[in-house]
Structure formats: C-alpha cells, structure tokens
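Next up, input.txt (compact mmCIF, C-alpha atoms):
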```txt
# COMPACT_ATOMS: atom_id res chain seq x y z
CA MET A 1 0.00 0.00 0.00
CA GLN A 2 2.99 2.32 0.52
CA ASN A 3 3.34 3.15 -3.20
CA LEU A 4 -0.37 3.47 -3.89
CA PRO A 5 -1.80 6.97 -3.71
CA THR A 6 -4.31 8.13 -1.16
CA PHE A 7 -7.42 9.68 -2.69
CA VAL A 8 -8.40 12.86 -0.82
CA LEU A 9 -12.05 13.63 -1.60
CA VAL A 10 -13.47 17.16 -1.33
CA HIS A 11 -17.24 17.62 -1.33
CA GLY A 12 -19.38 20.34 -2.87
CA ALA A 13 -21.83 22.90 -1.50
CA PHE A 14 -24.19 21.82 1.31
CA ALA A 15 -22.60 18.35 1.18
CA ASN A 16 -20.19 16.51 3.46
CA SER A 17 -17.93 13.49 3.67
CA PHE A 18 -20.94 11.17 4.10
CA SER A 19 -21.82 11.42 0.41
CA PHE A 20 -18.53 9.75 -0.54
CA ALA A 21 -19.14 6.57 1.49
CA PRO A 22 -20.35 4.40 -1.45
CA LEU A 23 -17.45 5.60 -3.62
CA GLN A 24 -14.95 4.88 -0.84
CA ALA A 25 -16.34 1.36 -0.49
CA GLU A 26 -15.79 0.74 -4.20
CA LEU A 27 -12.29 2.20 -4.06
CA ALA A 28 -11.46 -0.02 -1.09
CA LEU A 29 -12.65 -3.09 -2.97
CA LEU A 30 -10.23 -2.12 -5.73
CA GLY A 31 -7.43 -1.94 -3.18
CA HIS A 32 -7.24 1.84 -2.76
CA ARG A 33 -7.27 3.95 0.36
CA SER A 34 -9.16 7.20 0.52
CA VAL A 35 -10.13 9.92 2.96
CA ALA A 36 -13.19 12.12 2.59
CA VAL A 37 -12.72 15.60 4.02
CA ASP A 38 -15.40 17.53 5.89
CA LEU A 39 -14.75 21.20 5.20
CA PRO A 40 -15.23 23.51 8.22
CA GLY A 41 -18.87 23.73 9.25
CA HIS A 42 -19.72 20.49 7.46
CA GLY A 43 -20.39 16.93 8.58
CA PHE A 44 -20.63 16.69 12.35
CA GLU A 45 -19.59 20.35 12.56
CA ALA A 46 -22.79 21.38 10.79
CA THR A 47 -25.76 23.12 12.39
CA PHE A 48 -29.15 21.38 12.20
CA PRO A 49 -31.47 23.63 14.22
CA ALA A 50 -34.49 22.12 15.93
CA SER A 51 -36.60 24.39 13.73
CA TYR A 52 -35.28 22.46 10.70
CA GLN A 53 -36.84 19.23 12.01
CA ALA A 54 -40.46 18.20 11.39
CA PRO A 55 -42.72 19.99 11.89
CA GLN A 56 -40.59 22.85 10.66
CA ASP A 57 -40.66 26.37 12.03
CA LEU A 58 -39.42 28.42 9.09
CA ASP A 59 -39.75 31.72 10.93
CA ALA A 60 -37.42 30.49 13.66
CA LEU A 61 -35.10 28.86 11.11
CA ALA A 62 -34.70 32.21 9.36
CA SER A 63 -32.85 33.65 12.36
CA GLU A 64 -31.12 30.64 13.96
CA PRO A 65 -27.32 31.05 14.08
CA GLY A 66 -25.19 28.60 12.14
CA SER A 67 -21.70 27.27 12.84
CA ILE A 68 -20.56 27.95 9.28
CA LYS A 69 -20.93 31.72 9.69
CA GLY A 70 -17.58 33.37 9.11
CA VAL A 71 -16.00 30.30 7.49
CA THR A 72 -13.85 31.41 4.57
CA LEU A 73 -12.20 29.83 1.57
CA ALA A 74 -8.93 30.19 3.46
CA ASP A 75 -10.38 28.03 6.26
CA ASN A 76 -11.43 25.40 3.74
CA THR A 77 -8.00 25.49 2.14
CA ALA A 78 -6.24 25.06 5.49
CA ARG A 79 -8.42 22.04 6.31
CA VAL A 80 -7.56 20.26 3.08
CA ILE A 81 -3.87 21.13 3.36
CA ASP A 82 -3.79 19.58 6.83
CA VAL A 83 -5.30 16.35 5.49
CA LEU A 84 -2.90 16.29 2.53
CA GLU A 85 0.12 16.79 4.78
CA ARG A 86 -0.91 13.80 6.86
CA ALA A 87 -1.81 11.66 3.83
CA LYS A 88 1.47 12.50 2.11
CA ARG A 89 3.38 10.63 4.84
CA ASN A 90 2.01 7.41 3.34
CA GLY A 91 2.92 8.12 -0.29
CA PRO A 92 1.43 9.95 -3.27
CA THR A 93 -1.90 11.79 -3.10
CA ILE A 94 -4.67 12.37 -5.62
CA LEU A 95 -6.92 15.28 -4.74
CA VAL A 96 -10.47 14.72 -6.04
CA ALA A 97 -12.93 17.61 -6.08
CA HIS A 98 -16.65 17.66 -6.81
CA SER A 99 -18.76 20.69 -7.66
CA ARG A 100 -17.99 23.67 -5.35
CA GLY A 101 -15.17 21.60 -3.86
CA GLY A 102 -13.21 22.56 -6.95
CA ILE A 103 -12.92 26.14 -5.69
CA THR A 104 -11.23 24.93 -2.50
CA SER A 105 -9.08 22.39 -4.33
CA THR A 106 -7.85 25.01 -6.79
CA ALA A 107 -6.89 27.27 -3.90
CA VAL A 108 -5.09 24.35 -2.23
CA ALA A 109 -3.18 23.60 -5.43
CA ASN A 110 -2.18 27.26 -5.73
CA ALA A 111 -0.85 27.22 -2.17
CA ARG A 112 0.74 23.76 -1.84
CA PRO A 113 1.35 22.02 -5.17
CA ASP A 114 4.05 19.97 -3.47
CA LEU A 115 1.38 18.02 -1.59
CA ILE A 116 -0.55 16.87 -4.68
CA ASP A 117 0.58 14.25 -7.20
CA ARG A 118 -2.57 14.62 -9.30
CA ILE A 119 -5.69 16.74 -9.04
CA ALA A 120 -8.99 15.48 -10.45
CA TYR A 121 -12.07 17.64 -10.96
CA VAL A 122 -15.39 15.80 -11.25
CA ALA A 123 -17.72 18.40 -12.78
CA ALA A 124 -16.03 20.68 -10.27
CA TRP A 125 -15.46 24.41 -10.48
CA CYS A 126 -12.00 25.22 -11.81
CA PRO A 127 -11.98 29.02 -12.11
CA VAL A 128 -9.38 30.22 -14.59
CA GLU A 129 -10.39 33.37 -16.47
CA LEU A 130 -13.34 34.30 -14.24
CA ASP A 131 -14.47 34.01 -10.65
CA VAL A 132 -17.15 31.34 -10.24
CA SER A 133 -19.82 34.02 -9.92
CA GLY A 134 -18.68 35.35 -13.29
CA TYR A 135 -19.25 32.03 -15.01
CA TYR A 136 -22.89 32.14 -13.95
CA ALA A 137 -23.35 35.19 -16.18
CA GLN A 138 -21.91 33.42 -19.23
CA PRO A 139 -23.90 31.81 -22.08
CA GLU A 140 -22.73 28.32 -21.03
CA MET A 141 -24.84 28.67 -17.85
CA ALA A 142 -27.90 30.15 -19.57
CA GLU A 143 -30.03 27.04 -19.09
CA VAL A 144 -29.38 26.85 -15.34
CA ASP A 145 -32.41 28.35 -13.60
CA THR A 146 -30.99 29.46 -10.25
CA GLY A 147 -34.24 31.29 -9.53
CA SER A 148 -36.08 27.99 -9.26
CA PHE A 149 -34.42 27.43 -5.88
CA ALA A 150 -35.44 30.80 -4.46
CA ALA A 151 -38.48 29.35 -2.68
CA THR A 152 -36.22 27.10 -0.58
CA LEU A 153 -33.91 29.86 0.67
CA VAL A 154 -34.47 30.70 4.33
CA GLY A 155 -33.54 33.95 6.02
CA ASN A 156 -31.38 36.82 4.81
CA PRO A 157 -27.83 35.66 3.95
CA ALA A 158 -26.42 39.08 4.81
CA GLU A 159 -27.92 38.93 8.29
CA LEU A 160 -27.23 35.22 8.90
CA GLY A 161 -23.72 35.40 7.47
CA LEU A 162 -24.38 32.19 5.54
CA LEU A 163 -26.58 30.70 2.85
CA ARG A 164 -29.44 28.57 4.23
CA THR A 165 -31.57 26.22 2.13
CA ASN A 166 -34.54 24.16 3.22
CA PHE A 167 -33.77 20.76 1.69
CA ARG A 168 -36.57 19.28 3.79
CA THR A 169 -39.23 21.19 1.90
CA ALA A 170 -42.35 19.34 0.80
CA ASP A 171 -43.01 21.80 -2.03
CA PRO A 172 -43.43 19.65 -5.18
CA ALA A 173 -42.16 22.42 -7.46
CA ALA A 174 -39.00 22.94 -5.40
CA LEU A 175 -38.32 19.21 -5.19
CA ALA A 176 -38.78 18.88 -8.93
CA ALA A 177 -36.33 21.74 -9.50
CA PHE A 178 -33.73 20.08 -7.27
CA LYS A 179 -34.16 16.77 -9.07
CA ARG A 180 -33.85 18.34 -12.53
CA ALA A 181 -30.70 20.16 -11.52
CA PHE A 182 -28.85 17.44 -9.64
CA ALA A 183 -30.36 14.01 -10.11
CA ALA A 184 -32.68 13.71 -13.09
CA ASP A 185 -31.48 10.16 -13.76
CA LEU A 186 -31.95 8.88 -10.20
CA THR A 187 -35.10 7.28 -8.85
CA ASP A 188 -37.25 9.42 -6.60
CA ASP A 189 -36.14 7.38 -3.59
CA GLU A 190 -32.46 7.72 -4.50
CA PHE A 191 -32.93 11.45 -4.99
CA ARG A 192 -34.71 11.97 -1.66
CA THR A 193 -32.14 9.84 0.14
CA PHE A 194 -29.32 11.99 -1.20
CA LEU A 195 -31.26 15.17 -0.43
CA ASN A 196 -31.41 14.05 3.20
CA THR A 197 -27.61 13.89 3.38
CA PHE A 198 -27.39 17.61 2.58
CA GLN A 199 -27.03 20.14 5.37
CA PRO A 200 -28.97 23.40 5.33
CA ASP A 201 -26.06 25.87 5.62
CA GLU A 202 -23.19 26.84 3.33
CA ASN A 203 -20.55 29.57 3.65
CA LEU A 204 -20.61 32.67 1.48
CA ASP A 205 -16.95 32.85 0.41
CA GLY A 206 -16.60 31.68 -3.19
CA GLY A 207 -13.15 33.17 -3.69
CA THR A 208 -11.81 36.07 -5.72
CA SER A 209 -9.61 36.52 -8.77
CA ALA A 210 -6.64 35.71 -6.53
CA ASP A 211 -8.04 32.20 -6.07
CA ARG A 212 -8.20 31.32 -9.77
CA ALA A 213 -5.85 28.66 -11.12
CA GLN A 214 -2.26 29.92 -11.15
CA ALA A 215 0.10 28.64 -13.83
CA MET A 216 3.23 28.57 -11.67
CA THR A 217 1.73 26.48 -8.89
CA TRP A 218 -1.58 24.80 -9.73
CA GLY A 219 -0.40 24.59 -13.32
CA ARG A 220 2.50 22.25 -12.66
CA ILE A 221 0.33 19.48 -11.12
CA PRO A 222 -0.82 16.64 -13.41
CA LYS A 223 -4.56 17.10 -13.72
CA THR A 224 -7.67 15.27 -14.85
CA PHE A 225 -11.13 16.64 -15.58
CA VAL A 226 -13.95 14.12 -15.34
CA ARG A 227 -16.86 15.46 -17.36
CA LEU A 228 -20.35 14.48 -16.21
CA ALA A 229 -22.21 14.19 -19.49
CA ALA A 230 -25.75 14.85 -18.20
CA ASP A 231 -24.95 17.40 -15.51
CA ALA A 232 -27.64 20.11 -15.43
CA SER A 233 -26.18 22.20 -12.59
CA VAL A 234 -22.63 22.47 -13.96
CA PRO A 235 -23.51 21.95 -17.63
CA LEU A 236 -21.17 20.22 -20.02
CA ALA A 237 -20.65 23.50 -21.90
CA VAL A 238 -19.19 25.24 -18.85
CA GLN A 239 -17.16 22.14 -17.91
CA ASP A 240 -15.62 22.22 -21.40
CA ARG A 241 -15.03 25.97 -21.17
CA MET A 242 -13.02 25.55 -17.96
CA ILE A 243 -11.02 22.76 -19.59
CA ARG A 244 -10.21 24.99 -22.57
CA GLU A 245 -9.22 27.90 -20.36
CA ALA A 246 -7.01 25.71 -18.20
CA ASP A 247 -5.31 24.16 -21.22
CA ALA A 248 -4.63 27.64 -22.60
CA LEU A 249 -3.11 28.65 -19.25
CA THR A 250 -0.81 25.61 -19.11
CA PRO A 251 -0.49 24.29 -22.69
CA ASP A 252 2.43 22.05 -21.70
CA ASN A 253 0.30 20.43 -18.99
CA PRO A 254 -3.23 20.07 -20.37
CA PHE A 255 -6.10 18.31 -18.66
CA ASP A 256 -6.39 14.57 -19.10
CA VAL A 257 -10.11 14.52 -19.95
CA ARG A 258 -12.43 11.65 -19.07
CA THR A 259 -16.22 11.39 -19.25
CA LEU A 260 -18.80 9.65 -17.08
CA GLU A 261 -22.42 9.35 -18.07
CA GLY A 262 -24.99 10.75 -15.71
CA SER A 263 -26.12 13.69 -13.63
CA HIS A 264 -24.33 15.77 -11.02
CA LEU A 265 -24.99 13.18 -8.28
CA ARG A 266 -25.31 9.86 -10.10
CA TRP A 267 -21.60 9.01 -9.85
CA LEU A 268 -21.88 9.14 -6.04
CA VAL A 269 -25.03 7.01 -5.85
CA HIS A 270 -23.83 4.45 -8.42
CA PRO A 271 -20.07 4.80 -7.91
CA LYS A 272 -18.58 1.69 -9.53
CA PRO A 273 -17.70 3.34 -12.89
CA ALA A 274 -16.26 6.38 -11.09
CA ALA A 275 -14.19 4.19 -8.76
CA GLU A 276 -12.78 2.27 -11.71
CA LEU A 277 -11.94 5.54 -13.48
CA LEU A 278 -10.19 6.94 -10.40
CA ALA A 279 -8.34 3.66 -9.83
CA ASN A 280 -7.04 3.95 -13.38
CA LEU A 281 -5.57 7.36 -12.50
CA ALA A 282 -3.61 5.69 -9.72
CA LYS A 283 -1.70 3.44 -12.09
CA PRO A 284 1.97 4.34 -12.55
```

Written form, structure tokens:
Amino acid sequence: MQNLPTFVLVHGAFANSFSFAPLQAELALLGHRSVAVDLPGHGFEATFPASYQAPQDLDALASEPGSIKGVTLADNTARVIDVLERAKRNGPTILVAHSRGGITSTAVANARPDLIDRIAYVAAWCPVELDVSGYYAQPEMAEVDTGSFAATLVGNPAELGLLRTNFRTADPAALAAFKRAFAADLTDDEFRTFLNTFQPDENLDGGTSADRAQAMTWGRIPKTFVRLAADASVPLAVQDRMIREADALTPDNPFDVRTLEGSHLRWLVHPKPAAELLANLAKP
C-alpha cells in the first residue's frame, strides 16, 4: 500500500464526507485507500437547528445562528492542506474535487502544489479566467435556472452570514427543480435519500480573482477533468469551457479529460464506474 496513492475527496456545497461513502467502499474493494474531508462547518460540525426538524418552524429557522458563519475559503483550504500533509506521509496523493469543492481544491493547489501528485475535478469548479460568480453570467450557464431554488432559501444571507436552504421542503415544485438540476437520472427514492444527506447551511466565500488557477503552482500538477455528461447544474458546456481555459493557461500540462455518463450526483449514488476511473488514474 505504501506506493499506492491516497485519494483525498473534497465535497461540494451543502454536502459533506458522508456522500462519498459508497465511492470509498468501491475504491477499497479495488485496493485503494481514501479519505473524505469535511470542510469547516460540514459533517458533524454542521448546524441542524431544531426548527429544521419536522414539523418545521421556518420563521425560527430564518434567524437561527449557524456554525458555518464566518468560514472562509482560506479556512477550507487550510483544512484540506492539513489532510494532505498527513496523507502525504504514506505516499502519493490524488486530490479529487466535486462541484464547489473545486474552488477549494484550486486554492489548495495554488498554495501547496508539493502536496498533490494529481488533481482530479469531477464536474467541479475550476476558475481560470473568471471568478465562479462570473461564469454564472456566461452563455454556457444560460439554461441553469438558479431562480427555481429561491423558494427554498431561508432567512437573509447578509444577516445570517451564511446561505441557508430548506432541503426538507415538501413543495413539489421545489423538489422537482432540485431533481432536474442534480439528479434527473436517479429514482425518486435515490434522490430523496441523497437530499437528506445535505445540510442546510453553506458559507458565502466563493473566492476572488486571486483564487483562480495559477500557472506557476496549480499549473504544474498533473490534472484530470472528469466530465459528467448529463450534468444540469454544472452543464457540459461550462465544464468544457473551464477545460479549454485551463489548457490555454498551461499548454504544456493540459487536462487529461475523461467522461462519465450521468447527472451531477449519479456518480456518487452508483459509484462503480467512477471508482474504476479513479483507480485507473492511480496506475503508474
């Protein structure tokens, strides 16, 4: 096991290490070790107010404090660096990011490229020419209806110091919007099960231009982009745009591009193909 890499898995928004459990089981069965990181304020550090339980009290939920208030991208970056430093004692590391976890992983790679032997983005944000917020204004994101989630937002983010979403809503329209965006190819039970692993709060720091991929640091790490072909929340067009921008930034070290079929969440619910793809990256 000494020469095999450790996969360090970084979750996306409102998620946590729990969502990687099926993937980690498949990786283990292929002989690979992995560690799933909980970013600050996630996992057992998350806040689940009593008002979020059933029956819900949305008025109370709108003002309940949350542990993720004040958490920054720098905090996320420090957490992942700590895990990588410990994992690196056992051999090579492969940093795997999903969704918003790509923002943190890019910042980590800018800061400590020496800790990463390969970085893999799975439909993850890899900001190069724009901040992530800037990509949302681009034509590649035109079909993403962010307004459809407005009914599930709780409280004022400026007052709470965090973004709070009611994933336990019973509103059929809101549930349908979530399913279209993240899990259109999952069964209703699979979708609701995953939805119940989400936590209500997320931090507000999405990074700045200083946190975009840097050629001299991030750019020297071997890198893979795993496209999710039916992703409706990070559409294929914007995935391909980030790949093009990254390849233009580091033409001597382009992305190794792979593709998995399925939605934003399918690879985590049915992880065998993803585990086999990642295991292939671990080969010398």

Distance criterion (only C-alpha atoms): nearest to A:Trp218 out of A:Ala275, A:Leu9, A:Ala111, A:Leu30: A:Ala111

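Residue nearest A:Asp231 within the list A:Val122, A:Ile94, A:Ile243, A:Leu249: A:Val122 [criterion: smallest interatomic distance, all atoms listed in the file].
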
Shortest interatomic distance to A:Pro49 - which of A:Glu26, A:Glu64, A:Glu190, A:Asp247, counting all atoms listed in the file: A:Glu64

Would you write out, as a Markdown table, a table of all residues in stretch 15-122 of chain A that have an atom no more than 8 Å from an atom of stretch 195-209 of chain A, listing for each the closest atom pair and the distance in Å to one decimal, considering only C-alpha atoms and ordering rows by chain and rising residue number?
```
| residue | atom | partner | partner_atom | distance |
| --- | --- | --- | --- | --- |
| A:Ala15 | CA | A:Phe198 | CA | 5.0 |
| A:Asn16 | CA | A:Phe198 | CA | 7.3 |
| A:Phe18 | CA | A:Thr197 | CA | 7.2 |
| A:Ser19 | CA | A:Thr197 | CA | 7.0 |
| A:Gly41 | CA | A:Glu202 | CA | 8.0 |
| A:His42 | CA | A:Gln199 | CA | 7.6 |
| A:Ala46 | CA | A:Gln199 | CA | 7.0 |
| A:Thr47 | CA | A:Asp201 | CA | 7.3 |
| A:Phe48 | CA | A:Pro200 | CA | 7.2 |
| A:Gly66 | CA | A:Asp201 | CA | 7.1 |
| A:Ile68 | CA | A:Asn203 | CA | 5.9 |
| A:Lys69 | CA | A:Asn203 | CA | 6.4 |
| A:Gly70 | CA | A:Asn203 | CA | 7.3 |
| A:Val71 | CA | A:Asn203 | CA | 6.0 |
| A:Thr72 | CA | A:Asp205 | CA | 5.4 |
| A:Leu73 | CA | A:Asp205 | CA | 5.7 |
| A:Ile103 | CA | A:Gly206 | CA | 7.1 |
```

Could you build a table of the residues in stretch 95-154 of chain A lying no more than 10 Å from stretch 87-90 of chain A, giving for each the nearest pair of atoms and their separation in Å rounded to one decimal place, using only C-alpha atoms, ordered by chain and ascending residue number, as a Markdown table?
```
| residue | atom | partner | partner_atom | distance |
| --- | --- | --- | --- | --- |
| A:Asp114 | CA | A:Lys88 | CA | 9.7 |
| A:Leu115 | CA | A:Lys88 | CA | 6.6 |
| A:Ile116 | CA | A:Lys88 | CA | 8.3 |
| A:Asp117 | CA | A:Lys88 | CA | 9.5 |
```

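For the pair atom CA of A:Pro65 and atom CA of A:His11, the separation is 22.8 Å.
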
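The spacing separating atom CA of A:Lys223 from atom CA of A:Val96 amounts to 10.0 Å.
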
Counting all atoms listed in the file, the option among A:Ala176, A:Ala60, A:Ala109, A:Val269 closest to A:Ala215: A:Ala109

Contacts of A:Gly155 at 8 Å (all atoms listed in the file; same-chain gap of 6+ positions) as a tab-separated table (two decimals) with C-alpha atoms, keeping the file's coordinate frame:
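Dumped to result_19.tsv:
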```
chain	number	residue	atom	x	y	z
A	61	LEU	CA	-35.10	28.86	11.11
A	62	ALA	CA	-34.70	32.21	9.36
A	63	SER	CA	-32.85	33.65	12.36
A	164	ARG	CA	-29.44	28.57	4.23
```

Let me have the centre and edge lengths of the axis-aligned box enclosing all listed atoms of stretch 257-274 of chain A with 3 Å padding on every side, in Å to one decimal, as JSON.
```
{"center_x": -18.1, "center_y": 8.7, "center_z": -12.9, "size_x": 22.0, "size_y": 20.1, "size_z": 20.1}
```

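Here atom CA of A:Arg86 stands at a distance of 24.8 Å from atom CA of A:Ala274.
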
Nearby residues (all atoms listed in the file) at most 12 Å from stretch 131-138 of chain A, same-chain spacing under 6 positions excluded, as a PyMOL selection string: chain A and resi 99-104+106+124-125+144-146+204-213+233-235+237-239+241-242

Residue neighbourhood A:Leu39, 9 Å, all atoms listed in the file, exclusion window fewer than 3 positions, as a ChimeraX atom specification: /A:10-11,16-17,42-43,45,75-77,79-80

File of the preceding selection, C-alpha atoms, as a PDB file, in the frame of the given file:
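The new file result_37.pdb reads:
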```
ATOM      1  CA  VAL A  10     -13.470  17.160  -1.330  1.00  0.00           C
ATOM      2  CA  HIS A  11     -17.240  17.620  -1.330  1.00  0.00           C
ATOM      3  CA  ASN A  16     -20.190  16.510   3.460  1.00  0.00           C
ATOM      4  CA  SER A  17     -17.930  13.490   3.670  1.00  0.00           C
ATOM      5  CA  HIS A  42     -19.720  20.490   7.460  1.00  0.00           C
ATOM      6  CA  GLY A  43     -20.390  16.930   8.580  1.00  0.00           C
ATOM      7  CA  GLU A  45     -19.590  20.350  12.560  1.00  0.00           C
ATOM      8  CA  ASP A  75     -10.380  28.030   6.260  1.00  0.00           C
ATOM      9  CA  ASN A  76     -11.430  25.400   3.740  1.00  0.00           C
ATOM     10  CA  THR A  77      -8.000  25.490   2.140  1.00  0.00           C
ATOM     11  CA  ARG A  79      -8.420  22.040   6.310  1.00  0.00           C
ATOM     12  CA  VAL A  80      -7.560  20.260   3.080  1.00  0.00           C
TER      13      VAL A  80
END
```

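Take the candidates A:Leu153, A:Ala248, A:Ala230, A:Val108 and check each one against A:Thr217 using all atoms listed in the file; the shortest distance goes to A:Val108.
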
Among listed residues A:His98, A:His270, A:Arg227, A:Arg220, nearest A:Pro113 (using all atoms listed in the file): A:Arg220

For a cut-off of 9 Å around (-18.0, 7.8, -7.6), file coordinates, pick out all residues using only C-alpha atoms and list them as a short mmCIF file (atom, residue, chain, number, x, y, z; two decimals) with C-alpha atoms, in the coordinates of the input.
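Wrote it out as selection_33.cif, contents follow:
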```cif
data_model
loop_
_atom_site.label_atom_id
_atom_site.label_comp_id
_atom_site.auth_asym_id
_atom_site.auth_seq_id
_atom_site.Cartn_x
_atom_site.Cartn_y
_atom_site.Cartn_z
CA PHE A 20 -18.53 9.75 -0.54
CA PRO A 22 -20.35 4.40 -1.45
CA LEU A 23 -17.45 5.60 -3.62
CA GLN A 24 -14.95 4.88 -0.84
CA GLU A 26 -15.79 0.74 -4.20
CA LEU A 27 -12.29 2.20 -4.06
CA LEU A 265 -24.99 13.18 -8.28
CA ARG A 266 -25.31 9.86 -10.10
CA TRP A 267 -21.60 9.01 -9.85
CA LEU A 268 -21.88 9.14 -6.04
CA VAL A 269 -25.03 7.01 -5.85
CA HIS A 270 -23.83 4.45 -8.42
CA PRO A 271 -20.07 4.80 -7.91
CA LYS A 272 -18.58 1.69 -9.53
CA PRO A 273 -17.70 3.34 -12.89
CA ALA A 274 -16.26 6.38 -11.09
CA ALA A 275 -14.19 4.19 -8.76
CA GLU A 276 -12.78 2.27 -11.71
CA LEU A 277 -11.94 5.54 -13.48
CA LEU A 278 -10.19 6.94 -10.40
#
```

Contacts of A:Pro222 at 8 Å (only C-alpha atoms; same-chain gap of 3+ positions) as a ChimeraX atom specification: /A:117-119,219,253,255
